[in-house]
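Just below is one structure, and these are the notes that go with it.
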Amino acid sequence: MGRIHIVTDSTCDLSNEELQQLNIHVVPLTIQLGGQTYIDRVEIGQEEFLHKMAEVKELPKSSQPAPGKFVEIYESLATEPGDRIISIHMTGGMSGTVQSARQAAEMTDVDVTVVDSFFIAWGLAFQLREAAKLREEGASVEDIVARLDVVRANTRLFVVVDTLENLMKGGRIGRGMGLLGSFLNIKPIATMDEGSLLQVAKVRSHKQVVKYCFEQYEQETAGKTVKAVGISHADGMSTMGQPLKELIEQSGFTNVDTAFTCPIISTHTGPGAIGFMYFAE
């Protein structure tokens, strides 16, 4: 009976310590910033990236790992007969990482099952934790992948942008609309739909963001067991993250995970953003 290895990418919100504890292996993305290229989590950290991003005019660019990087790690892990790999990655709707992993799976003789999490940040992390837990319990690859489908279907994600500057730089909104939105202090709220972000609301203050997110949480978890809640942020805890965390804790769920989000995500959201994710069934 071979072993099951779990591989992911650097956009999950699990700490390096937890990844090591769960025996999950990371293939990092790279970021181009101010003429320099950095390996995510290795050569640049989340907070350092945000500070550096504020100093440059051009929007940073991220690149998914080359298929060869995945082949390398797959073959280094699967050294015994019967070894299998589950490779779980950020949504293919926002990055070519999962496609790169699929290409690598076809380039090697190793038995690799590639999973598109259809999420980012804690939404991806929830699936990784579940996969690691089931592996320890002796579940098969097929059982783990089937369970991840259930986790995915019962996970909700909201992303709230505090400033429209990065959306303007990235060409996602026009400059005129961006300036108007900034003047009106508009905070767009988006959700994850089939792996892509879809705007669901616009509010005009941090307080309204917290109210909207908490109301959605209460409505959608009513009568269910909350299994996990996570808040990612790009230096947005004091304005939105912490007040939301306190409301969640007051409502009865006290194990809220928080993390400074990865550069790949904060590039698009800009400073002050938060991501709010929960898994309930």
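Chain labels A, B, ... are given in the sequence in which chains occur in the structure tokens; within each chain residues are numbered consecutively from 1, and ligands are likewise numbered from 1 in the order shown.
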- Message: Quick check for you: according to DSSP on this backbone, which residues of range 30-210 of chain A are classed as alpha helix (DSSP H)? Reply as a ChimeraX atom specification.
- Response: /A:46-53,67-77,97-107,121-136,141-153,165-169,175-183,206-210
- Contacts of Asp40 in chain A at 10 Å (only C-alpha atoms; same-chain gap of 3+ positions) as a PyMOL selection string: chain A and resi 9-11+27-31+37+43-46+49+62+262-264
Using 9 Å as the limit and counting only C-alpha atoms, can you tabulate each residue of range 182-275 of chain A that touches range 84-91 of chain A, with its shortest atom-to-atom distance in Å and the two atoms involved, as a Markdown table?
| residue | atom | partner | partner_atom | distance |
| --- | --- | --- | --- | --- |
| A:Glu194 | CA | A:Thr91 | CA | 8.7 |
| A:Gly195 | CA | A:Thr91 | CA | 5.3 |
| A:Ser196 | CA | A:Thr91 | CA | 7.6 |
- Hey, which of A:Ile265, A:Leu244, A:Val226, A:Ala78 ends up closest to Arg3 in chain A? Count only C-alpha atoms.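 Between A:Ile265, A:Leu244, A:Val226, A:Ala78, the residue approaching Arg3 in chain A most closely is A:Ala78.
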- Would you list the contacts of Val203 in chain A as a list in words, taking every protein, DNA or RNA residue within 12 Å and counting only C-alpha atoms, but skipping same-chain residues closer than 3 positions in sequence?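 The contact residues come out as Val160, Val161, Asp162, Gly181, Ser182, Leu184, Asn185, Ile186, Lys187, Pro188, Ile189, Ala190, Gln199, Val200, His206, Lys207, Gln208, Val209, Val210, Lys211, Tyr212 and Cys213 of chain A.
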Selected residues written out, N, CA and C atoms, as a CSV table (one decimal), in the first residue's frame:
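Contents of the output file out-v8.csv:
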chain,number,residue,atom,x,y,z
A,160,VAL,N,-13.7,41.9,-0.2
A,160,VAL,CA,-14.1,43.3,-0.1
A,160,VAL,C,-12.8,44.2,-0.4
A,161,VAL,N,-12.9,45.0,-1.4
A,161,VAL,CA,-11.8,45.9,-1.8
A,161,VAL,C,-12.0,47.3,-1.1
A,162,ASP,N,-10.9,47.8,-0.4
A,162,ASP,CA,-11.0,49.0,0.3
A,162,ASP,C,-10.7,50.2,-0.6
A,181,GLY,N,-15.8,56.3,-7.7
A,181,GLY,CA,-16.0,55.4,-6.6
A,181,GLY,C,-15.2,55.7,-5.4
A,182,SER,N,-13.9,56.2,-5.6
A,182,SER,CA,-13.1,56.6,-4.5
A,182,SER,C,-13.6,57.8,-3.7
A,184,LEU,N,-16.8,58.6,-3.6
A,184,LEU,CA,-18.0,58.2,-2.9
A,184,LEU,C,-17.7,57.2,-1.8
A,185,ASN,N,-16.4,56.8,-1.6
A,185,ASN,CA,-16.0,55.8,-0.6
A,185,ASN,C,-16.6,54.5,-0.8
A,186,ILE,N,-16.8,54.1,-2.1
A,186,ILE,CA,-17.5,52.8,-2.4
A,186,ILE,C,-16.6,51.6,-2.1
A,187,LYS,N,-17.2,50.6,-1.5
A,187,LYS,CA,-16.5,49.3,-1.2
A,187,LYS,C,-17.2,48.2,-1.9
A,188,PRO,N,-16.6,47.7,-3.1
A,188,PRO,CA,-17.3,46.6,-3.8
A,188,PRO,C,-17.1,45.3,-3.0
A,189,ILE,N,-18.2,44.5,-3.0
A,189,ILE,CA,-18.1,43.2,-2.4
A,189,ILE,C,-18.4,42.2,-3.5
A,190,ALA,N,-17.5,41.2,-3.6
A,190,ALA,CA,-17.6,40.2,-4.6
A,190,ALA,C,-17.6,38.8,-3.9
A,199,GLN,N,-19.2,40.4,-8.6
A,199,GLN,CA,-19.7,41.4,-7.7
A,199,GLN,C,-21.1,41.2,-7.2
A,200,VAL,N,-21.4,41.3,-5.9
A,200,VAL,CA,-22.7,41.1,-5.4
A,200,VAL,C,-23.3,42.3,-4.7
A,206,HIS,N,-16.9,50.9,6.0
A,206,HIS,CA,-16.4,49.7,6.6
A,206,HIS,C,-17.5,49.0,7.5
A,207,LYS,N,-18.3,49.9,8.2
A,207,LYS,CA,-19.3,49.3,9.0
A,207,LYS,C,-20.4,48.6,8.2
A,208,GLN,N,-20.7,49.1,7.0
A,208,GLN,CA,-21.7,48.4,6.2
A,208,GLN,C,-21.1,47.1,5.6
A,209,VAL,N,-19.8,47.1,5.3
A,209,VAL,CA,-19.2,45.9,4.9
A,209,VAL,C,-19.4,44.8,5.9
A,210,VAL,N,-19.0,45.1,7.2
A,210,VAL,CA,-19.1,44.2,8.3
A,210,VAL,C,-20.6,43.7,8.4
A,211,LYS,N,-21.5,44.6,8.4
A,211,LYS,CA,-22.9,44.3,8.5
A,211,LYS,C,-23.4,43.3,7.4
A,212,TYR,N,-23.0,43.6,6.2
A,212,TYR,CA,-23.4,42.8,5.0
A,212,TYR,C,-22.8,41.4,5.2
A,213,CYS,N,-21.6,41.3,5.5
A,213,CYS,CA,-20.9,40.0,5.5
A,213,CYS,C,-21.5,39.1,6.7
- Nearest to Ser251 in chain A by atom-to-atom distance, counting only C-alpha atoms, from A:Thr221, A:Thr239, A:Thr79, A:Gln103: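 Of A:Thr221, A:Thr239, A:Thr79, A:Gln103, the one nearest Ser251 in chain A is A:Thr221, counting only C-alpha atoms.
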- Using only C-alpha atoms, which of the listed residues (A:Arg129, A:His51, A:Arg102, A:Lys57) sits closest to Gln20 in chain A? A:Arg129
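When only C-alpha atoms are used to measure the gap to Thr155 in chain A, the shortest distance among A:Glu137, A:Asp143, A:Asp193, A:Glu47 belongs to A:Asp193.
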- Task: Find, counting only C-alpha atoms, the residue in A:Glu17, A:Gly270, A:Ile24, A:Pro60 that gets nearest to Ala132 in chain A.
- Result: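 That would be A:Ile24, the residue with the smallest distance to Ala132 in chain A.
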- Item | Of the listed residues A:Pro243, A:Gly96, A:Gly272, A:Gly230, that which approaches Pro65 in chain A most closely, counting only C-alpha atoms |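 Closest to Pro65 in chain A, using only C-alpha atoms: A:Gly96.
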- Task: Go ahead and compute the interatomic distance for CA of Ile144 in chain A and CA of Glu18 in chain A, in Å to one decimal.
- Result: 19.4 Å
- Task: Write down as number ranges by chain the residues of range 68-126 of chain A whose backbone DSSP state falls under strand (DSSP E or B).
- Result: A: 84-89, 111-116
Please write the residues from the selection above to a file, keeping N, CA, C and O atoms, as a tab-separated table (two decimals), in the first residue's frame.
chain	number	residue	atom	x	y	z
A	84	ARG	N	0.81	7.81	-4.32
A	84	ARG	CA	-0.10	8.63	-5.12
A	84	ARG	C	-0.07	10.06	-4.61
A	84	ARG	O	0.28	10.31	-3.45
A	85	ILE	N	-0.45	10.99	-5.48
A	85	ILE	CA	-0.41	12.42	-5.13
A	85	ILE	C	-1.75	13.07	-5.41
A	85	ILE	O	-2.36	12.82	-6.46
A	86	ILE	N	-2.20	13.90	-4.46
A	86	ILE	CA	-3.35	14.78	-4.70
A	86	ILE	C	-2.80	16.19	-4.72
A	86	ILE	O	-2.21	16.66	-3.75
A	87	SER	N	-2.99	16.88	-5.83
A	87	SER	CA	-2.45	18.23	-6.03
A	87	SER	C	-3.62	19.21	-6.08
A	87	SER	O	-4.38	19.25	-7.03
A	88	ILE	N	-3.77	20.00	-5.00
A	88	ILE	CA	-4.96	20.85	-4.81
A	88	ILE	C	-4.55	22.32	-4.93
A	88	ILE	O	-3.67	22.78	-4.18
A	89	HIS	N	-5.22	23.06	-5.82
A	89	HIS	CA	-4.73	24.41	-6.13
A	89	HIS	C	-5.81	25.47	-6.18
A	89	HIS	O	-7.00	25.17	-6.23
A	111	ASP	N	1.33	8.73	-10.26
A	111	ASP	CA	-0.14	8.77	-10.20
A	111	ASP	C	-0.55	10.06	-9.49
A	111	ASP	O	-0.49	10.16	-8.26
A	112	VAL	N	-0.96	11.06	-10.27
A	112	VAL	CA	-1.31	12.38	-9.73
A	112	VAL	C	-2.77	12.69	-10.03
A	112	VAL	O	-3.22	12.60	-11.17
A	113	THR	N	-3.52	13.09	-9.01
A	113	THR	CA	-4.88	13.59	-9.18
A	113	THR	C	-4.86	15.08	-8.89
A	113	THR	O	-4.53	15.50	-7.77
A	114	VAL	N	-5.18	15.89	-9.90
A	114	VAL	CA	-5.16	17.35	-9.75
A	114	VAL	C	-6.57	17.84	-9.44
A	114	VAL	O	-7.53	17.48	-10.13
A	115	VAL	N	-6.69	18.67	-8.41
A	115	VAL	CA	-7.99	19.19	-7.98
A	115	VAL	C	-8.00	20.71	-8.07
A	115	VAL	O	-7.12	21.37	-7.51
A	116	ASP	N	-8.97	21.25	-8.79
A	116	ASP	CA	-9.20	22.70	-8.79
A	116	ASP	C	-10.10	22.99	-7.60
A	116	ASP	O	-11.25	22.57	-7.55
- Write out as a PyMOL selection string the residues lying within 9 Å of Asp83 in chain A, counting only C-alpha atoms and excluding same-chain residues fewer than 6 positions away. chain A and resi 1-5+77+110-111
- Query: Within 9 Å of Lys227 in chain A, counting only C-alpha atoms, which residues qualify if same-chain residues fewer than 4 places away don't, as JSON, numbers by chain?
  - Reply: {"A": [253, 278, 279, 280, 281]}
- Query: Any idea what's packed within 9 Å of Val26 in chain A, counting only C-alpha atoms, ignoring anything in its chain fewer than 6 positions away? Could you give it as a PyMOL selection string?
  - Reply: chain A and resi 6-10+19+73
- Task: Skip Ile248 in chain A itself and residues of its chain fewer than 6 positions away, then list as a VMD selection string all residues within 9 Å of it, counting only C-alpha atoms.
- Result: chain A and resid 214 217 to 218 229 254 256
- Can you work out the spacing between CA of Glu55 in chain A and CA of Ser266 in chain A in Å, to one decimal?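 Computing it gives 14.4 Å between the two atoms.
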